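Shown next, in structure tokens, is the structure this report addresses.
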Number of protein chains: 2
Amino acid sequence: MRPELAASRVSDPGISARRSASWTIAHAAETGDEPPGSQSVQRTLVLLNLVGVLARDRPEGVSLAELTRVSERPKASVRRALIALMHAGYVEQDSKTARYRLGVQAAVLGELASHGADRLGEASTDSLIRLADAAGDTAFLTVRHGSYAVCARRQEGPGPIRNFALAVGDRHPLGIGAGSLAILSALPDEEVEQVIAATAAARQRYPRFDDETMRRLVRRSRKNGYALNDGLVIPGSWAIGVVVPDADDRPVAALSIASIAERLRGARRDELVELLQREAHNVHSALQALQAHRRKA
Amino acid sequence: MRPELAASRVSDPGISARRSASWTIAHAAETGDEPPGSQSVQRTLVLLNLVGVLARDRPEGVSLAELTRVSERPKASVRRALIALMHAGYVEQDSKTARYRLGVQAAVLGELASHGADRLGEASTDSLIRLADAAGDTAFLTVRHGSYAVCARRQEGPGPIRNFALAVGDRHPLGIGAGSLAILSALPDEEVEQVIAATAAARQRYPRFDDETMRRLVRRSRKNGYALNDGLVIPGSWAIGVVVPDADDRPVAALSIASIAERLRGARRDELVELLQREAHNVHSALQALQAHRRKA
DNA sequence: CTTGGTGGTCCATGATGTGGACCGATTGTC
DNA sequence: GACAATCGGTCCACATCATGGACCACCAAG
């Protein structure tokens with residue numbers, strides 16, 4: 001934002017800006033922060049996410065008032081952004097209740113995303129269903145985005161216990177949550193430290209995750225070969241997760257199963273871990289196949 | 001960015017430039033000219049669509065050069081918008097090829113849209129599959145957005161003929177195409193005329209669709225009870241479509257089947273129309289059920 | 001070496017987004 | 001009924017922000 005005049009006339013070959021993370025979640029985090037690209041757009045996109053997440057279990061939509069409250073922006077600005085989003089079809093407004101919810105383009109974009117680029121969704125669908133069925137609990141696909149992990153998919157299992165600690169669209173710093181931790185643990189030490197530094201501010205909201213705890217969790221996950229969330233985020237809510245490397249073997253996603261402590265112990269845990277690893281391998285293979293196809297195209 | 005707002009005492013009627021401009025770019029001409037909401041955001045959202053559509057059958061992504069060309073905007077602006085989109089996770093850039101494609105958030109948004117508000121997607125999945133299977137041709141879900149119709153879903157059938165005239169994300173003025181025409185024909189006369197007026201400019205690109213033709217097509221569709229696209233858009237590409245009313249009986253979507261002339265004649269056409277009407281009814285019922293559930297929530 | 005194609009960045013300029021104040025409807029409550 | 005406290009929505013002076021032409025580095029082909 002500030003015109004850092006100290007412009008580098010000098011050429012700096014090689015490294016292209018290796019910036020990551022910053023992301024202005026609801027609380028307009030203090031994540032150090034780097035060049036946003038374009039401010040008004042940034043804020044509008046955050047708002048779009050917000051509409052999606054807040055309207056998730058509320059089919060009638062979200063009120064303007066609520067959006068202004070949680071986004072912590074002036075009402076006029078929120079309204080203006082919503083108009084733009086509606087005009088483009090990403091958000092629609094109920095003509096009767098005046099509430100806002102995701103629009104046609106949001107669905108279209110999703111369709112394009114799963115058929116197109118991010119084949120992860122397509123590749124993981126079957127795996128998630130198998131996992132949820134076999135485990136009886138809820139299975140998740142988590143995807144990395146910078147120093148954060150986003151829950152991209154959720155599949156309910158037939159079991160009696162439902163875990164609602166994580167839902168589609170939720171975003172936590174890498175390392176918070178089973179899938180998220182599985183991804184973090186698969187990164188090289190150097191990057192792990194970068195992530196820990198980058199998310200320090202954001203982790204204020206997760207009091208039990210200080211820097212040292214993060215490192216301990218990473219060590220444990222590497223030793224075990226899977227990530228365990230033993231209720232540190234929300235007491236009683238447990239989960240296990242394993243990484244899904246992409247075609248270039250970079251850890252970009254994770255599969256996980258969430259439940260309660262009693263259902264993730266001993267032999268059963270071992271079984272589920274094996275299941276997860278098998279499915280992770282399946283997804284990985286699918287991604288590789290796609291990559292190969294992509295090259296010759 | 002602290003906006004210190006002081007007193008605004010001075011009143012001086014400074015003429016604010018009333019820029020007309022309806023730059024919504026890229027094929028997708030604008031619906032006449034409404035309040036833009038917010039220009040930079042508008043343009044960025046169009047670009048997001050563009051990335052999705054152009055990368056649709058190109059998993060490796062789209063180049064910056066191509067995006068600047070088709071969007072008809074300065075490269076710097078496109079780049080800036082892309083940075084914002086990447087920053088928010090809606091677009092990602094291949095680290096090797098530097099090409100752009102849809103990112104994680106695009107998929108997440110889709111997930112939220114289909115599970116959340118627009119249950120249309122969810123409600124129509126089975127119907128589309130049944131249609132494509134039974135007909136052997138390609139089945140589509142088209143959704144209305146203002147004076148336009150957007151292809152929201154596409155389901156391939158097992159048949160030998162593939163029709164590629166319509167793909168997810170494509171947008172045409174209401175009345176152009178079978179599903180699109182089905183929606184238009186279900187509107188009251190007054191609205192039909194409004195749409196015809198609003199899309200006059202955009203229809204320049206469809207030379208065979210002058211105002212009078214539009215009215216003729218609407219009349220024919222109403223008489224028949226279904227919309228027929230007999231190759232007026234793309235010679236040889238035929239299709240039939242029927243409306244899907246929402247819970248309040250407003251025509252918001254359409255189901256359609258595309259093929260070639262030979263496969264949409266005589267008795268077969270009647271069969272398919274009946275099939276379509278049955279499935280349209282199914283979807284309609286599903287929407288009503290959801291609406292009921294929504295009310296008591 | 002030149003030419004034309006990429007991807008990417010810079011920075012003076014003013015068009016553009018900003019947000020506090022304000023309006024009109026609906027609530028709920030004494 | 002009056003009142004307060006919401007709600008959704010709009011206005012418009014002000015200055016922050018997006019704008020886009022010019023420019024750089026790189027690569028491949030001629």
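Within each chain, counting starts at residue 1; across the structure tokens, chains are named A, B, ... in the order shown, with ligands numbered 1 upward in that order.
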Quick one: residues within 12 Å of region 271-273 of chain A, only C-alpha atoms (C1' of nucleotides), excluding same-chain residues fewer than 3 positions away - as a PyMOL selection string? chain A and resi 130-137+139+178+224-228+239-243+255-259+263-268+276-280
Hey, list the chain C side of the contact with chain B: 12 Å cut-off, only C-alpha atoms (C1' of nucleotides), answer as a VMD selection string. chain C and resid 5 to 10 14 to 21
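Computed after superposing chain A on chain B, the C-alpha RMSD over all in-order atom pairs is 5.8 Å.
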Would you please work out which residue, of B:Arg56, B:Arg205, B:Arg80, B:Arg269, is nearest to chain D when using only C-alpha atoms (C1' of nucleotides)?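 For chain D, the nearest of the given residues is B:Arg80.
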Compile the contact shell of Val168 (chain B) as a VMD selection string: residues with an atom at most 8 Å away, counting only C-alpha atoms (C1' of nucleotides), same-chain residues fewer than 5 positions apart removed. (chain A and resid 108 111 to 112) or (chain B and resid 53 150 to 154)
Writing out the chosen residues with N, CA, C and O atoms as a CSV table (one decimal), in the first residue's frame:
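Contents of the output file selection06.csv:
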chain,number,residue,atom,x,y,z
A,108,VAL,N,-21.6,-22.2,-11.0
A,108,VAL,CA,-20.9,-22.4,-12.3
A,108,VAL,C,-19.4,-22.5,-12.1
A,108,VAL,O,-18.8,-23.4,-12.6
A,111,GLU,N,-18.5,-25.8,-10.7
A,111,GLU,CA,-18.5,-26.8,-11.8
A,111,GLU,C,-17.3,-26.7,-12.7
A,111,GLU,O,-16.7,-27.7,-13.0
A,112,LEU,N,-16.9,-25.5,-13.0
A,112,LEU,CA,-15.8,-25.3,-13.9
A,112,LEU,C,-14.5,-25.8,-13.2
A,112,LEU,O,-13.6,-26.3,-13.8
B,53,VAL,N,-13.7,-20.2,-17.9
B,53,VAL,CA,-14.2,-20.7,-19.2
B,53,VAL,C,-13.0,-21.0,-20.1
B,53,VAL,O,-13.1,-22.0,-20.8
B,150,VAL,N,-27.4,-18.9,-18.3
B,150,VAL,CA,-26.0,-19.5,-18.2
B,150,VAL,C,-26.1,-21.0,-18.1
B,150,VAL,O,-27.0,-21.5,-17.4
B,151,CYS,N,-25.3,-21.7,-18.8
B,151,CYS,CA,-25.2,-23.1,-18.7
B,151,CYS,C,-24.5,-23.5,-17.4
B,151,CYS,O,-23.3,-23.3,-17.2
B,152,ALA,N,-25.3,-24.1,-16.5
B,152,ALA,CA,-24.7,-24.4,-15.2
B,152,ALA,C,-24.2,-25.8,-15.1
B,152,ALA,O,-23.3,-26.1,-14.3
B,153,ARG,N,-24.8,-26.7,-15.9
B,153,ARG,CA,-24.4,-28.1,-15.8
B,153,ARG,C,-24.5,-28.8,-17.1
B,153,ARG,O,-25.4,-28.5,-17.9
B,154,ARG,N,-23.7,-29.8,-17.3
B,154,ARG,CA,-23.7,-30.5,-18.6
B,154,ARG,C,-23.5,-32.0,-18.2
B,154,ARG,O,-22.5,-32.3,-17.5
Given a cut-off of 9 Å, which residues of chain D touch chain A, counting only C-alpha atoms (C1' of nucleotides), written out as a PDB file with N, CA, C and O atoms (P, O5', C5', C4', C3', O3' and C1' of nucleotides), in the first residue's frame?
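Generated output (selection.pdb):
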ATOM      1  P    DC D   7     -29.651  -4.875  12.900  1.00  0.00           P
ATOM      2  O5'  DC D   7     -30.555  -4.743  11.580  1.00  0.00           O
ATOM      3  C5'  DC D   7     -31.593  -5.698  11.351  1.00  0.00           C
ATOM      4  C4'  DC D   7     -32.561  -5.168  10.310  1.00  0.00           C
ATOM      5  C3'  DC D   7     -31.924  -4.777   8.990  1.00  0.00           C
ATOM      6  O3'  DC D   7     -31.728  -5.909   8.178  1.00  0.00           O
ATOM      7  C1'  DC D   7     -33.530  -3.150   9.654  1.00  0.00           C
ATOM      8  P    DG D   8     -30.596  -5.879   7.107  1.00  0.00           P
ATOM      9  O5'  DG D   8     -31.215  -4.988   5.950  1.00  0.00           O
ATOM     10  C5'  DG D   8     -32.400  -5.431   5.315  1.00  0.00           C
ATOM     11  C4'  DG D   8     -32.809  -4.421   4.273  1.00  0.00           C
ATOM     12  C3'  DG D   8     -31.761  -4.245   3.175  1.00  0.00           C
ATOM     13  O3'  DG D   8     -32.399  -4.158   1.921  1.00  0.00           O
ATOM     14  C1'  DG D   8     -32.168  -2.174   4.253  1.00  0.00           C
ATOM     15  P    DG D   9     -31.440  -4.120   0.636  1.00  0.00           P
ATOM     16  O5'  DG D   9     -31.237  -2.561   0.439  1.00  0.00           O
ATOM     17  C5'  DG D   9     -32.393  -1.721   0.264  1.00  0.00           C
ATOM     18  C4'  DG D   9     -31.971  -0.272   0.244  1.00  0.00           C
ATOM     19  C3'  DG D   9     -30.760   0.030  -0.647  1.00  0.00           C
ATOM     20  O3'  DG D   9     -31.195   0.736  -1.805  1.00  0.00           O
ATOM     21  C1'  DG D   9     -30.717   1.242   1.414  1.00  0.00           C
ATOM     22  P    DT D  10     -30.163   1.159  -2.887  1.00  0.00           P
ATOM     23  O5'  DT D  10     -29.930   2.703  -2.541  1.00  0.00           O
ATOM     24  C5'  DT D  10     -31.056   3.502  -2.191  1.00  0.00           C
ATOM     25  C4'  DT D  10     -30.594   4.920  -1.924  1.00  0.00           C
ATOM     26  C3'  DT D  10     -29.563   5.471  -2.905  1.00  0.00           C
ATOM     27  O3'  DT D  10     -29.944   6.799  -3.238  1.00  0.00           O
ATOM     28  C1'  DT D  10     -28.746   5.659  -0.712  1.00  0.00           C
ATOM     29  P    DC D  17      -6.314   3.596   0.314  1.00  0.00           P
ATOM     30  O5'  DC D  17      -6.500   2.987  -1.141  1.00  0.00           O
ATOM     31  C5'  DC D  17      -7.834   2.760  -1.627  1.00  0.00           C
ATOM     32  C4'  DC D  17      -7.855   2.862  -3.141  1.00  0.00           C
ATOM     33  C3'  DC D  17      -6.922   1.889  -3.848  1.00  0.00           C
ATOM     34  O3'  DC D  17      -7.710   0.809  -4.324  1.00  0.00           O
ATOM     35  C1'  DC D  17      -6.881   4.081  -4.827  1.00  0.00           C
ATOM     36  P    DA D  18      -6.984  -0.379  -5.045  1.00  0.00           P
ATOM     37  O5'  DA D  18      -7.268  -0.029  -6.562  1.00  0.00           O
ATOM     38  C5'  DA D  18      -8.613   0.041  -7.009  1.00  0.00           C
ATOM     39  C4'  DA D  18      -8.685   0.713  -8.366  1.00  0.00           C
ATOM     40  C3'  DA D  18      -8.190  -0.132  -9.532  1.00  0.00           C
ATOM     41  O3'  DA D  18      -9.004   0.140 -10.659  1.00  0.00           O
ATOM     42  C1'  DA D  18      -6.888   1.837  -9.364  1.00  0.00           C
ATOM     43  P    DC D  24      13.755   0.309 -20.379  1.00  0.00           P
ATOM     44  O5'  DC D  24      13.947  -1.029 -19.543  1.00  0.00           O
ATOM     45  C5'  DC D  24      13.636  -1.063 -18.152  1.00  0.00           C
ATOM     46  C4'  DC D  24      13.609  -2.517 -17.709  1.00  0.00           C
ATOM     47  C3'  DC D  24      14.655  -3.400 -18.391  1.00  0.00           C
ATOM     48  O3'  DC D  24      15.417  -4.114 -17.440  1.00  0.00           O
ATOM     49  C1'  DC D  24      12.498  -4.376 -18.560  1.00  0.00           C
ATOM     50  P    DA D  25      16.675  -4.939 -17.900  1.00  0.00           P
ATOM     51  O5'  DA D  25      16.084  -6.427 -17.904  1.00  0.00           O
ATOM     52  C5'  DA D  25      15.506  -6.960 -16.719  1.00  0.00           C
ATOM     53  C4'  DA D  25      15.139  -8.415 -16.943  1.00  0.00           C
ATOM     54  C3'  DA D  25      16.184  -9.228 -17.713  1.00  0.00           C
ATOM     55  O3'  DA D  25      16.325 -10.496 -17.089  1.00  0.00           O
ATOM     56  C1'  DA D  25      14.103  -9.315 -18.833  1.00  0.00           C
TER      57       DA D  25
END
